[in-house]
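A.B. asks: target22.cif (mmCIF, C-alpha atoms) pasted underneath:
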data_protein
loop_
_atom_site.label_atom_id
_atom_site.label_comp_id
_atom_site.auth_asym_id
_atom_site.auth_seq_id
_atom_site.Cartn_x
_atom_site.Cartn_y
_atom_site.Cartn_z
CA MET A 1 26.42 -4.54 -2.25
CA THR A 2 24.43 -2.77 -4.97
CA LEU A 3 22.38 -4.08 -7.86
CA LEU A 4 23.23 -1.06 -10.01
CA ALA A 5 25.87 -1.90 -12.56
CA PRO A 6 28.45 0.89 -12.99
CA GLU A 7 27.74 1.02 -16.73
CA ALA A 8 23.96 1.01 -16.35
CA GLU A 9 22.22 3.81 -18.18
CA PRO A 10 18.80 5.33 -17.50
CA ARG A 11 16.50 3.60 -19.93
CA THR A 12 13.18 3.87 -18.14
CA THR A 13 10.61 6.52 -18.98
CA ALA A 14 7.33 7.42 -17.34
CA PRO A 15 4.14 6.66 -19.31
CA GLY A 16 3.04 9.36 -21.73
CA GLY A 17 0.08 11.64 -21.18
CA GLY A 18 -2.48 9.47 -22.97
CA MET A 19 -1.34 6.28 -21.29
CA MET A 20 -1.22 8.04 -17.92
CA LEU A 21 -4.88 9.01 -18.35
CA ALA A 22 -5.78 5.44 -19.29
CA LEU A 23 -3.93 4.08 -16.27
CA PHE A 24 -5.63 6.53 -13.93
CA ALA A 25 -9.00 5.78 -15.49
CA GLY A 26 -8.56 2.04 -14.93
CA ARG A 27 -7.27 2.31 -11.37
CA GLY A 28 -9.56 5.21 -10.49
CA ALA A 29 -12.65 3.39 -11.67
CA PHE A 30 -11.66 0.29 -9.74
CA ARG A 31 -10.85 2.23 -6.58
CA ALA A 32 -14.07 4.22 -6.71
CA THR A 33 -16.17 1.13 -7.38
CA SER A 34 -14.50 -0.97 -4.67
CA GLN A 35 -14.95 1.79 -2.09
CA LEU A 36 -18.45 2.98 -3.04
CA ALA A 37 -20.09 -0.36 -3.84
CA PRO A 38 -20.17 -1.45 -0.17
CA LEU A 39 -21.98 1.78 0.70
CA VAL A 40 -24.70 0.85 -1.79
CA LEU A 41 -24.75 -2.74 -0.55
CA ALA A 42 -25.37 -1.42 2.96
CA VAL A 43 -29.02 -1.05 1.89
CA PRO A 44 -29.74 -4.79 1.56
CA TRP A 45 -27.20 -5.74 4.21
CA GLY A 46 -28.43 -3.44 6.97
CA ALA A 47 -26.34 -1.60 9.54
CA ALA A 48 -25.19 -4.69 11.43
CA ARG A 49 -23.98 -6.61 8.39
CA PHE A 50 -22.35 -3.51 6.93
CA ALA A 51 -20.50 -2.96 10.23
CA ASP A 52 -19.29 -6.58 10.07
CA TYR A 53 -18.11 -6.02 6.49
CA ALA A 54 -16.38 -2.73 7.30
CA GLY A 55 -14.68 -4.20 10.36
CA ALA A 56 -13.49 -7.29 8.46
CA VAL A 57 -12.10 -5.26 5.57
CA GLY A 58 -10.49 -2.77 7.93
CA VAL A 59 -8.82 -5.44 10.03
CA SER A 60 -7.55 -7.46 7.04
CA ALA A 61 -6.59 -4.72 4.56
CA TRP A 62 -2.94 -4.86 5.66
CA THR A 63 -2.44 -8.13 3.75
CA VAL A 64 -2.67 -6.31 0.42
CA PHE A 65 0.53 -4.46 1.29
CA VAL A 66 2.33 -7.63 2.33
CA ALA A 67 1.48 -9.30 -0.98
CA SER A 68 2.30 -6.21 -3.05
CA SER A 69 5.42 -5.19 -1.08
CA GLY A 70 7.60 -6.56 -3.84
CA GLU A 71 6.18 -4.09 -6.38
CA LYS A 72 8.03 -1.12 -4.88
CA ALA A 73 11.20 -3.18 -4.64
CA ALA A 74 10.96 -4.25 -8.29
CA LEU A 75 10.18 -0.73 -9.49
CA LYS A 76 13.23 0.59 -7.64
CA LEU A 77 15.72 -2.18 -8.35
CA VAL A 78 14.94 -3.46 -11.86
CA PRO A 79 15.66 -0.12 -13.61
CA ARG A 80 19.04 0.03 -11.85
CA THR A 81 20.31 -3.28 -13.20
CA ARG A 82 20.89 -4.77 -16.64
CA ARG A 83 20.73 -8.51 -16.07
CA LEU A 84 18.97 -9.28 -12.79
CA GLY A 85 15.39 -8.25 -13.63
CA GLY A 86 14.09 -11.81 -13.95
CA TYR A 87 15.75 -12.93 -10.72
CA ILE A 88 14.33 -9.95 -8.82
CA ALA A 89 10.87 -10.74 -10.24
CA ARG A 90 11.06 -14.34 -9.06
CA VAL A 91 12.04 -13.30 -5.55
CA VAL A 92 9.24 -10.75 -5.15
CA LEU A 93 6.67 -13.17 -6.58
CA ARG A 94 7.65 -15.78 -4.03
CA VAL A 95 7.24 -13.17 -1.31
CA ALA A 96 3.73 -12.40 -2.60
CA ALA A 97 2.81 -16.09 -2.70
CA VAL A 98 3.25 -16.46 1.06
CA PRO A 99 0.34 -14.23 2.27
CA VAL A 100 -1.92 -15.57 -0.49
CA THR A 101 -1.24 -19.13 0.60
CA VAL A 102 -1.70 -18.30 4.29
CA ALA A 103 -4.96 -16.45 3.56
CA ALA A 104 -6.26 -19.40 1.51
CA LEU A 105 -5.49 -21.78 4.37
CA ALA A 106 -7.15 -19.42 6.86
CA PHE A 107 -10.22 -19.21 4.64
CA THR A 108 -10.44 -23.01 4.47
CA ALA A 109 -10.10 -23.32 8.24
CA ALA A 110 -12.71 -20.61 8.84
CA PHE A 111 -15.12 -22.28 6.43
CA LEU A 112 -14.80 -25.56 8.30
CA SER A 113 -15.24 -23.82 11.67
CA GLY A 114 -18.84 -22.84 10.93
CA ARG A 115 -18.50 -19.36 12.47
CA ASP A 116 -19.93 -16.77 10.09
CA GLN A 117 -18.05 -13.77 11.47
CA LEU A 118 -14.75 -15.62 11.27
CA ARG A 119 -15.56 -16.61 7.69
CA VAL A 120 -16.14 -12.98 6.71
CA VAL A 121 -12.78 -11.93 8.15
CA ALA A 122 -11.00 -14.82 6.41
CA ALA A 123 -12.67 -13.97 3.09
CA ALA A 124 -11.58 -10.35 3.50
CA LEU A 125 -8.02 -11.56 4.16
CA LEU A 126 -8.05 -13.64 1.00
CA TRP A 127 -9.49 -10.77 -1.06
CA SER A 128 -6.82 -8.36 0.21
CA ALA A 129 -3.96 -10.80 -0.37
CA ALA A 130 -5.23 -11.61 -3.86
CA LEU A 131 -5.50 -7.91 -4.69
CA GLY A 132 -1.90 -7.40 -3.52
CA LEU A 133 -0.72 -10.21 -5.79
CA LEU A 134 -2.63 -8.63 -8.69
CA GLN A 135 -0.99 -5.24 -8.07
CA LEU A 136 2.44 -6.87 -8.07
CA ALA A 137 1.68 -8.72 -11.31
CA VAL A 138 0.64 -5.57 -13.20
CA GLY A 139 3.62 -3.73 -11.70
CA LEU A 140 5.98 -6.31 -13.20
CA HIS A 141 4.33 -5.85 -16.58
CA ARG A 142 4.72 -2.07 -16.26
CA VAL A 143 8.40 -2.26 -15.40
CA ARG A 144 8.87 -4.41 -18.52
CA GLY A 145 7.41 -1.60 -20.62
CA HIS A 146 3.80 -2.81 -20.88
CA PRO A 147 1.70 -0.28 -18.92
CA ARG A 148 -1.39 -1.02 -21.03
CA THR A 149 -1.73 -4.33 -19.17
CA ASP A 150 -2.36 -2.36 -15.96
CA ALA A 151 -5.14 -0.27 -17.51
CA VAL A 152 -6.85 -3.25 -19.16
CA THR A 153 -6.60 -5.45 -16.05
CA PHE A 154 -8.16 -2.97 -13.67
CA ALA A 155 -10.83 -1.98 -16.19
CA ALA A 156 -11.78 -5.66 -16.35
CA MET A 157 -11.69 -5.93 -12.55
CA THR A 158 -13.98 -2.90 -12.33
CA GLY A 159 -16.45 -4.63 -14.63
CA ALA A 160 -16.29 -7.79 -12.53
CA LEU A 161 -16.77 -5.79 -9.33
CA LEU A 162 -19.79 -3.95 -10.74
CA THR A 163 -21.35 -7.21 -11.92
CA LEU A 164 -20.78 -9.00 -8.61
CA SER A 165 -22.09 -6.02 -6.64
CA ALA A 166 -25.23 -5.83 -8.78
CA VAL A 167 -25.89 -9.54 -8.28
CA THR A 168 -25.23 -9.21 -4.54
CA PHE A 169 -27.62 -6.26 -4.32
CA HIS A 170 -30.36 -8.01 -6.31
CA PHE A 171 -30.27 -11.28 -4.39
CA ALA A 172 -29.29 -9.68 -1.04
CA TRP A 173 -26.31 -12.00 -0.75
CA PRO A 174 -24.28 -11.63 2.47
CA PRO A 175 -20.83 -9.97 2.66
CA LEU A 176 -19.19 -13.41 2.77
CA TRP A 177 -20.34 -14.24 -0.75
CA GLN A 178 -19.31 -10.85 -2.10
CA LEU A 179 -15.79 -11.07 -0.64
CA THR A 180 -15.31 -14.68 -1.75
CA MET A 181 -16.27 -13.93 -5.35
CA LEU A 182 -14.03 -10.86 -5.43
CA ALA A 183 -11.10 -12.93 -4.17
CA ALA A 184 -11.75 -15.55 -6.86
CA ALA A 185 -11.82 -12.86 -9.58
CA ALA A 186 -8.54 -11.31 -8.39
CA LEU A 187 -6.80 -14.68 -8.18
CA THR A 188 -7.96 -15.57 -11.68
CA ALA A 189 -6.70 -12.28 -13.12
CA SER A 190 -3.37 -12.72 -11.29
CA ALA A 191 -2.94 -16.21 -12.72
CA VAL A 192 -3.48 -14.90 -16.26
CA LEU A 193 -0.96 -12.07 -15.81
CA LEU A 194 1.68 -14.33 -14.26
CA TRP A 195 1.24 -16.81 -17.10
CA ARG A 196 1.96 -13.98 -19.57
CA LEU A 197 5.30 -13.13 -17.95
CA PRO A 198 8.47 -14.46 -19.63
CA ALA A 199 9.71 -17.83 -18.44
CA GLY A 200 12.67 -16.22 -16.70
CA TRP A 201 10.31 -14.08 -14.60
CA SER A 202 8.05 -16.88 -13.39
CA VAL A 203 7.88 -18.05 -9.78
CA ALA A 204 9.29 -21.45 -10.68
CA GLY A 205 11.94 -20.06 -13.06
CA ARG A 206 15.49 -21.26 -12.71
CA GLY A 207 18.86 -19.52 -12.83
CA THR A 208 19.19 -16.29 -14.78
CA ARG A 209 22.23 -15.40 -16.81
CA GLY A 210 24.17 -12.73 -14.99
CA VAL A 211 23.22 -13.80 -11.47
CA GLY A 212 26.31 -15.93 -11.19
CA THR A 213 27.19 -18.35 -8.40
CA ALA A 214 24.89 -19.69 -5.72
CA VAL A 215 26.57 -17.38 -3.20
CA ARG A 216 25.84 -14.36 -5.38
CA ARG A 217 22.24 -15.50 -5.90
CA ARG A 218 21.77 -15.72 -2.13
CA ARG A 219 23.26 -12.24 -1.66
CA VAL A 220 20.99 -10.78 -4.34
CA ALA A 221 17.95 -12.58 -2.92
CA TRP A 222 18.75 -11.24 0.55
CA LEU A 223 19.09 -7.71 -0.78
CA VAL A 224 15.78 -7.97 -2.65
CA LEU A 225 14.02 -9.37 0.42
CA ARG A 226 15.46 -6.63 2.60
CA THR A 227 14.28 -4.02 0.10
CA CYS A 228 10.82 -5.59 -0.02
CA VAL A 229 10.53 -5.43 3.76
CA LEU A 230 11.81 -1.88 4.19
CA LEU A 231 9.91 -0.37 1.24
CA GLY A 232 6.73 -2.26 2.08
CA LEU A 233 6.67 -1.43 5.80
CA PRO A 234 5.31 2.16 5.58
CA GLU A 235 2.21 1.14 3.60
CA LEU A 236 1.78 -2.02 5.64
CA ILE A 237 2.00 -0.09 8.90
CA ALA A 238 -0.45 2.53 7.61
CA SER A 239 -2.93 -0.26 6.97
CA LEU A 240 -2.19 -1.83 10.36
CA SER A 241 -2.94 1.56 11.91
CA LEU A 242 -6.40 1.41 10.37
CA ALA A 243 -6.81 -2.13 11.66
CA VAL A 244 -5.87 -0.96 15.15
CA CYS A 245 -8.52 1.75 14.99
CA TYR A 246 -11.20 -0.74 13.93
CA LEU A 247 -10.20 -3.15 16.67
CA ILE A 248 -10.25 -0.48 19.36
CA LEU A 249 -13.63 0.75 18.13
CA ARG A 250 -15.00 -2.76 18.65
CA ILE A 251 -13.22 -3.30 21.99
CA ALA A 252 -14.45 0.06 23.30
CA GLY A 253 -18.06 -0.84 22.49
CA HIS A 254 -18.32 1.45 19.45
CA GLY A 255 -18.56 -1.30 16.84
CA THR A 256 -21.44 0.44 15.06
CA GLU A 257 -19.13 3.45 14.55
CA SER A 258 -17.10 1.34 12.13
CA GLY A 259 -19.56 2.46 9.44
CA PRO A 260 -18.98 6.25 9.75
CA PHE A 261 -15.26 5.66 10.18
CA TYR A 262 -15.25 3.50 7.04
CA VAL A 263 -16.91 6.32 5.08
CA ALA A 264 -14.34 8.85 6.32
CA VAL A 265 -11.42 6.55 5.60
CA THR A 266 -12.85 5.84 2.15
CA ALA A 267 -12.84 9.55 1.29
CA SER A 268 -9.31 9.99 2.61
CA GLY A 269 -8.09 6.74 1.12
CA PHE A 270 -9.28 7.57 -2.37
CA CYS A 271 -7.08 10.68 -2.48
CA SER A 272 -4.14 8.83 -0.91
CA ALA A 273 -4.48 5.94 -3.35
CA ALA A 274 -4.42 8.32 -6.33
CA LEU A 275 -1.20 9.90 -5.09
CA THR A 276 0.36 6.53 -4.29
CA TYR A 277 -0.44 5.23 -7.74
CA LEU A 278 0.99 8.33 -9.41
CA LEU A 279 4.20 7.96 -7.43
CA ARG A 280 4.36 4.25 -8.26
CA LEU A 281 4.05 5.01 -11.97
CA ARG A 282 6.99 7.42 -11.76
CA GLN A 283 9.07 5.33 -9.36
CA PRO A 284 11.40 3.72 -11.96
CA VAL A 285 12.31 7.17 -13.30
CA THR A 286 12.63 8.63 -9.81
CA SER A 287 14.82 5.72 -8.70
CA LEU A 288 17.26 6.50 -11.50
CA ARG A 289 17.10 10.27 -11.05
CA LEU A 290 17.76 10.26 -7.29
CA ARG A 291 20.70 7.86 -7.27
CA GLY A 292 24.13 9.08 -6.18
CA PRO A 293 24.71 12.78 -5.42
CA ALA A 294 21.20 13.74 -6.63
CA GLY A 295 19.82 11.92 -3.58
CA ARG A 296 20.97 14.75 -1.32
CA ALA A 297 18.64 17.19 -3.07
CA GLY A 298 15.78 14.69 -2.78
CA ARG A 299 16.31 14.30 0.96
CA ALA A 300 16.54 18.07 1.43
CA LYS A 301 13.22 18.54 -0.35
CA ALA A 302 11.68 15.80 1.78
CA ARG A 303 12.72 17.61 4.96
CA ARG A 304 11.01 20.81 3.85
CA ILE A 305 7.81 18.88 3.16
CA LEU A 306 7.97 17.08 6.51
CA ARG A 307 8.29 20.32 8.46
CA PHE A 308 5.20 21.69 6.77
CA ALA A 309 3.38 18.43 7.53
CA VAL A 310 4.14 18.77 11.24
CA LEU A 311 2.63 22.28 11.20
CA LEU A 312 -0.47 20.95 9.43
CA CYS A 313 -1.01 18.41 12.21
CA LEU A 314 -1.17 21.03 14.98
CA PRO A 315 -4.75 22.36 14.33
CA GLY A 316 -6.12 18.88 15.06
CA VAL A 317 -5.37 19.19 18.77
CA PRO A 318 -7.71 22.12 19.54
CA LEU A 319 -10.40 20.55 17.35
CA VAL A 320 -10.40 17.39 19.46
CA VAL A 321 -10.33 19.38 22.70
CA PHE A 322 -13.07 21.93 21.98
CA LEU A 323 -15.48 20.20 19.55
CA ALA A 324 -17.95 17.55 20.62
CA PRO A 325 -17.55 14.11 19.00
CA GLY A 326 -19.76 13.73 15.95
CA THR A 327 -20.04 14.19 12.22
CA LEU A 328 -18.62 17.72 12.19
CA LEU A 329 -15.48 16.78 14.12
CA LEU A 330 -14.99 13.63 12.05
CA THR A 331 -15.28 15.67 8.83
CA LEU A 332 -12.82 18.35 9.94
CA LEU A 333 -10.28 15.82 11.13
CA THR A 334 -10.58 13.91 7.85
CA CYS A 335 -9.97 17.14 5.92
CA LEU A 336 -6.74 17.60 7.89
CA GLU A 337 -5.62 13.98 7.80
CA THR A 338 -5.97 13.58 4.02
CA PRO A 339 -3.37 16.19 2.92
CA LEU A 340 -1.17 15.41 5.91
CA PHE A 341 -0.94 11.73 4.97
CA ALA A 342 -0.25 12.70 1.35
CA LEU A 343 2.62 15.00 2.35
CA VAL A 344 4.24 12.37 4.56
CA ALA A 345 3.83 9.74 1.84
CA TYR A 346 5.46 11.97 -0.78
CA ALA A 347 8.35 12.86 1.50
CA GLY A 348 8.90 9.19 2.29
CA TYR A 349 8.80 8.39 -1.43
CA LEU A 350 11.58 10.88 -2.10
CA VAL A 351 13.69 9.55 0.75
CA GLU A 352 13.33 5.84 0.07
CA ASN A 353 14.32 6.19 -3.60
CA THR A 354 17.70 7.77 -2.86
CA ASP A 355 20.10 5.20 -1.43
CA GLY A 356 20.15 1.88 0.40
CA ARG A 357 20.18 3.46 3.87
CA SER A 358 17.09 5.61 3.42
CA PRO A 359 14.35 2.93 3.56
CA ARG A 360 15.38 2.16 7.13
CA LEU A 361 14.45 5.71 8.10
CA THR A 362 11.03 5.60 6.44
CA ALA A 363 10.33 2.21 8.03
CA ALA A 364 11.36 3.48 11.47
CA ALA A 365 9.18 6.59 11.07
CA ALA A 366 6.21 4.42 10.13
CA ALA A 367 6.81 2.26 13.21
CA VAL A 368 6.72 5.39 15.38
CA GLY A 369 3.40 6.26 13.79
CA LEU A 370 2.00 2.82 14.64
CA VAL A 371 2.94 3.23 18.30
CA VAL A 372 1.35 6.70 18.41
CA VAL A 373 -1.88 5.58 16.74
CA THR A 374 -2.21 2.65 19.14
CA VAL A 375 -1.74 4.78 22.25
CA SER A 376 -3.82 7.73 21.06
CA ALA A 377 -6.66 5.52 19.80
CA ALA A 378 -6.77 3.69 23.12
CA VAL A 379 -7.16 7.08 24.85
CA LEU A 380 -9.45 8.89 22.40
CA VAL A 381 -11.76 6.22 20.94
CA PRO A 382 -13.61 5.35 24.19
CA HIS A 383 -14.64 9.00 24.50
CA ALA A 384 -14.89 10.19 20.88
CA ALA A 385 -15.64 6.95 18.94
CA SER A 386 -14.96 7.36 15.18
CA SER A 387 -13.77 10.95 15.65
CA GLY A 388 -11.21 9.71 18.14
CA ALA A 389 -10.02 7.08 15.65
CA MET A 390 -9.50 9.73 12.97
CA ALA A 391 -7.71 11.97 15.46
CA ALA A 392 -5.39 9.06 16.25
CA LEU A 393 -4.57 8.70 12.54
CA LEU A 394 -3.86 12.43 12.35
CA LEU A 395 -1.49 12.31 15.31
CA SER A 396 0.16 9.21 13.88
CA ALA A 397 0.94 10.94 10.57
CA GLY A 398 2.34 13.95 12.41
CA ALA A 399 4.54 11.74 14.57
CA SER A 400 5.84 9.91 11.49
CA ALA A 401 6.72 13.25 9.86
CA LEU A 402 8.55 14.44 12.95
CA SER A 403 10.41 11.15 13.31
CA LEU A 404 11.50 11.02 9.67
CA ASP A 405 12.70 14.62 9.75
CA ALA A 406 14.71 13.91 12.90
CA GLY A 407 16.20 10.79 11.32
CA LEU A 408 17.27 12.69 8.22
CA SER A 409 18.78 15.43 10.36
CA GLY A 410 20.88 12.97 12.32
CA ARG A 411 21.92 10.65 9.54
CA TRP A 412 22.84 13.11 6.83
CA ARG A 413 23.80 16.17 8.86
CA ARG A 414 27.20 16.27 7.16
CA THR A 415 26.04 15.48 3.64
CA VAL A 416 22.75 17.35 3.15
CA PRO A 417 23.25 20.75 1.42
CA HIS A 418 22.88 23.88 3.48
CA GLY A 419 19.54 24.71 1.90
CA GLY A 420 18.01 21.49 3.16
CA SER A 421 19.44 21.39 6.66
#
Re-express the file's structure as structure tokens.
C.D. replies:
Amino acid sequence: MTLLAPEAEPRTTAPGGGMMLALFAGRGAFRATSQLAPLVLAVPWGAARFADYAGAVGVSAWTVFVASSGEKAALKLVPRTRRLGGYIARVVLRVAAVPVTVAALAFTAAFLSGRDQLRVVAAALLWSAALGLLQLAVGLHRVRGHPRTDAVTFAAMTGALLTLSAVTFHFAWPPLWQLTMLAAAALTASAVLLWRLPAGWSVAGRGTRGVGTAVRRRRVAWLVLRTCVLLGLPELIASLSLAVCYLILRIAGHGTESGPFYVAVTASGFCSAALTYLLRLRQPVTSLRLRGPAGRAGRAKARRILRFAVLLCLPGVPLVVFLAPGTLLLTLLTCLETPLFALVAYAGYLVENTDGRSPRLTAAAAAVGLVVVTVSAAVLVPHAASSGAMAALLLSAGASALSLDAGLSGRWRRTVPHGGS
């Protein structure tokens, strides 16, 4: 079954140059502030509290991708259909409501438990889930042709983050207070954006014209849910890979190394987030462009990128073998991991926006990466601490590239043009 009506015409355009700059300014300012503010707050917090904050955020960051998983599905599916946009929006919003609700319950339970460290982790979970819901909300406004909402929302969130960080710094408030207030701000902004959606796009909205019978609604809902899962898995697994590294750092007795690792991941993550956001802005257009026969060219290009990514991963092995663990090794590995992750992400973006079969390959490749990062981190972190964690991420990205290339080779061997085989 496909959501694309045979008579559907491409009617989605990417934001213009001026709006693109405004969108990047809003998201870029928010990303920079959210990543750099904790480094400034490390002064009043001290090394121990900052390590607790970094570990909690690292372990819980995966929830943002669960809550926002519906954004990629909506950006891919809504432009391909004439009448089902509201129904798709309701499905993905209900998906996003689940992790937010679970995180809120976990936060309440942790607050009643009286354990401070557990409270910090629960607050980080709630903040991440709320941020994912906010990203989905602005994504729905963008796909409806209102990209300015995205820029304004994240500019406002940047202002709120700066204000809260300044107050936290001045009064030396603990990480728990900072994370709780950030979660409250994100939930408030999400509520405003969801209230501004049309009635047919609301979580509690009822039947949409064009969806048809109850059987058809269930089939469409299942397809949307399946798309949410498959498109959301690569980003979710990438975040889980980070969580695995933080956990193994703590288990191996290198909990204080969470700080240097956080700094390295922040530098890498800023570049990756910029690329991800750019691809997300262009996803509706790409989804239309790569449908049908044009998808073969997209998959062929992805294979060329993946092969280069595998080659880029290779220098990391001698670095880990011959350099002593420390700042130099961590820096060099980060410089390799950043472009490698970007290449794999772009290749996966091309693949998953072609046809309905492709997201299964990107999800499977991401799962391979999670297995590799778990095994390699368990081996490398006890001996190389934060450098070993970054090396595990590097090997994970290389394994994902190799796996996705192999999957494309096997699945489309008869349909990919000669130039891409």
A.B. asks: Excluding Met181 of chain A and residues on its chain fewer than 3 positions from it, collect all residues at most 12 Å away from it, counting all atoms listed in the file, and give them as a PDB file with C-alpha atoms, in the frame of the given file.
C.D. replies:
ATOM      1  CA  ALA A 123     -12.670 -13.970   3.090  1.00  0.00           C
ATOM      2  CA  ALA A 124     -11.580 -10.350   3.500  1.00  0.00           C
ATOM      3  CA  LEU A 126      -8.050 -13.640   1.000  1.00  0.00           C
ATOM      4  CA  TRP A 127      -9.490 -10.770  -1.060  1.00  0.00           C
ATOM      5  CA  ALA A 130      -5.230 -11.610  -3.860  1.00  0.00           C
ATOM      6  CA  MET A 157     -11.690  -5.930 -12.550  1.00  0.00           C
ATOM      7  CA  ALA A 160     -16.290  -7.790 -12.530  1.00  0.00           C
ATOM      8  CA  LEU A 161     -16.770  -5.790  -9.330  1.00  0.00           C
ATOM      9  CA  LEU A 162     -19.790  -3.950 -10.740  1.00  0.00           C
ATOM     10  CA  THR A 163     -21.350  -7.210 -11.920  1.00  0.00           C
ATOM     11  CA  LEU A 164     -20.780  -9.000  -8.610  1.00  0.00           C
ATOM     12  CA  SER A 165     -22.090  -6.020  -6.640  1.00  0.00           C
ATOM     13  CA  VAL A 167     -25.890  -9.540  -8.280  1.00  0.00           C
ATOM     14  CA  THR A 168     -25.230  -9.210  -4.540  1.00  0.00           C
ATOM     15  CA  TRP A 173     -26.310 -12.000  -0.750  1.00  0.00           C
ATOM     16  CA  PRO A 174     -24.280 -11.630   2.470  1.00  0.00           C
ATOM     17  CA  PRO A 175     -20.830  -9.970   2.660  1.00  0.00           C
ATOM     18  CA  LEU A 176     -19.190 -13.410   2.770  1.00  0.00           C
ATOM     19  CA  TRP A 177     -20.340 -14.240  -0.750  1.00  0.00           C
ATOM     20  CA  GLN A 178     -19.310 -10.850  -2.100  1.00  0.00           C
ATOM     21  CA  ALA A 184     -11.750 -15.550  -6.860  1.00  0.00           C
ATOM     22  CA  ALA A 185     -11.820 -12.860  -9.580  1.00  0.00           C
ATOM     23  CA  ALA A 186      -8.540 -11.310  -8.390  1.00  0.00           C
ATOM     24  CA  LEU A 187      -6.800 -14.680  -8.180  1.00  0.00           C
ATOM     25  CA  THR A 188      -7.960 -15.570 -11.680  1.00  0.00           C
TER      26      THR A 188
END
A.B. asks: State, in Å with one decimal place, the distance from atom CA of Thr63 of chain A to atom CA of Ser239 of chain A.
C.D. replies: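 These atoms are spaced 8.5 Å apart.
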A.B. asks: Enter the distance from atom CA of Gly46 of chain A to atom CA of Arg250 of chain A, in Å, rounded to one decimal.
C.D. replies: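 According to the coordinates, atom CA of Gly46 of chain A and atom CA of Arg250 of chain A are separated by 17.8 Å.
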A.B. asks: Write out as a list in words which residues come within 10 Å of Val379 of chain A when counting all atoms listed in the file, dropping same-chain ones fewer than 6 positions away.
C.D. replies: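 The residues that qualify are Ile248, Val373, Gly388, Ala389 and Ala392 of chain A.
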A.B. asks: Name the residues captured by the PyMOL selection byres ((chain A and resi 151) around 8) when it is applied to the shown file; answer as an MDAnalysis selection string.
C.D. replies: chainID A and resid 22:27 147:150 152:155
A.B. asks: Exactly which residues make up the result of the PyMOL selection byres ((chain A and resi 32-34) around 8) on this file, given as a ChimeraX atom specification?
C.D. replies: /A:28-31,35-38,158,161-162,270
A.B. asks: Store the residues picked out above, limited to C-alpha atoms, as a PDB file, in the frame of the given file.
C.D. replies:
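Below is the file selection24.pdb, written as the result:
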ATOM      1  CA  GLY A  28      -9.560   5.210 -10.490  1.00  0.00           C
ATOM      2  CA  ALA A  29     -12.650   3.390 -11.670  1.00  0.00           C
ATOM      3  CA  PHE A  30     -11.660   0.290  -9.740  1.00  0.00           C
ATOM      4  CA  ARG A  31     -10.850   2.230  -6.580  1.00  0.00           C
ATOM      5  CA  GLN A  35     -14.950   1.790  -2.090  1.00  0.00           C
ATOM      6  CA  LEU A  36     -18.450   2.980  -3.040  1.00  0.00           C
ATOM      7  CA  ALA A  37     -20.090  -0.360  -3.840  1.00  0.00           C
ATOM      8  CA  PRO A  38     -20.170  -1.450  -0.170  1.00  0.00           C
ATOM      9  CA  THR A 158     -13.980  -2.900 -12.330  1.00  0.00           C
ATOM     10  CA  LEU A 161     -16.770  -5.790  -9.330  1.00  0.00           C
ATOM     11  CA  LEU A 162     -19.790  -3.950 -10.740  1.00  0.00           C
ATOM     12  CA  PHE A 270      -9.280   7.570  -2.370  1.00  0.00           C
TER      13      PHE A 270
END
A.B. asks: For the structure shown, which residues end up in the PyMOL selection byres ((chain A and resi 77) around 12)? Put them as number ranges by chain, please?
C.D. replies: A: 2-5, 8, 12, 70-76, 78-89, 92, 140, 143, 220-221, 223-228, 231, 283-288, 291, 352-356
A.B. asks: Using only C-alpha atoms, which residues sit within 8 Å of Val344 of chain A once same-chain residues fewer than 6 positions away are excluded, as a PDB file with C-alpha atoms, in the frame of the given file?
C.D. replies:
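Output saved as around-v8.pdb:
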ATOM      1  CA  ILE A 305       7.810  18.880   3.160  1.00  0.00           C
ATOM      2  CA  LEU A 306       7.970  17.080   6.510  1.00  0.00           C
ATOM      3  CA  ALA A 309       3.380  18.430   7.530  1.00  0.00           C
ATOM      4  CA  ALA A 397       0.940  10.940  10.570  1.00  0.00           C
ATOM      5  CA  SER A 400       5.840   9.910  11.490  1.00  0.00           C
ATOM      6  CA  ALA A 401       6.720  13.250   9.860  1.00  0.00           C
TER       7      ALA A 401
END
A.B. asks: Which value, in Å to one decimal, gives the distance between atom CA of Ser358 of chain A and atom CA of Ser268 of chain A?
C.D. replies: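 These atoms are spaced 26.8 Å apart.
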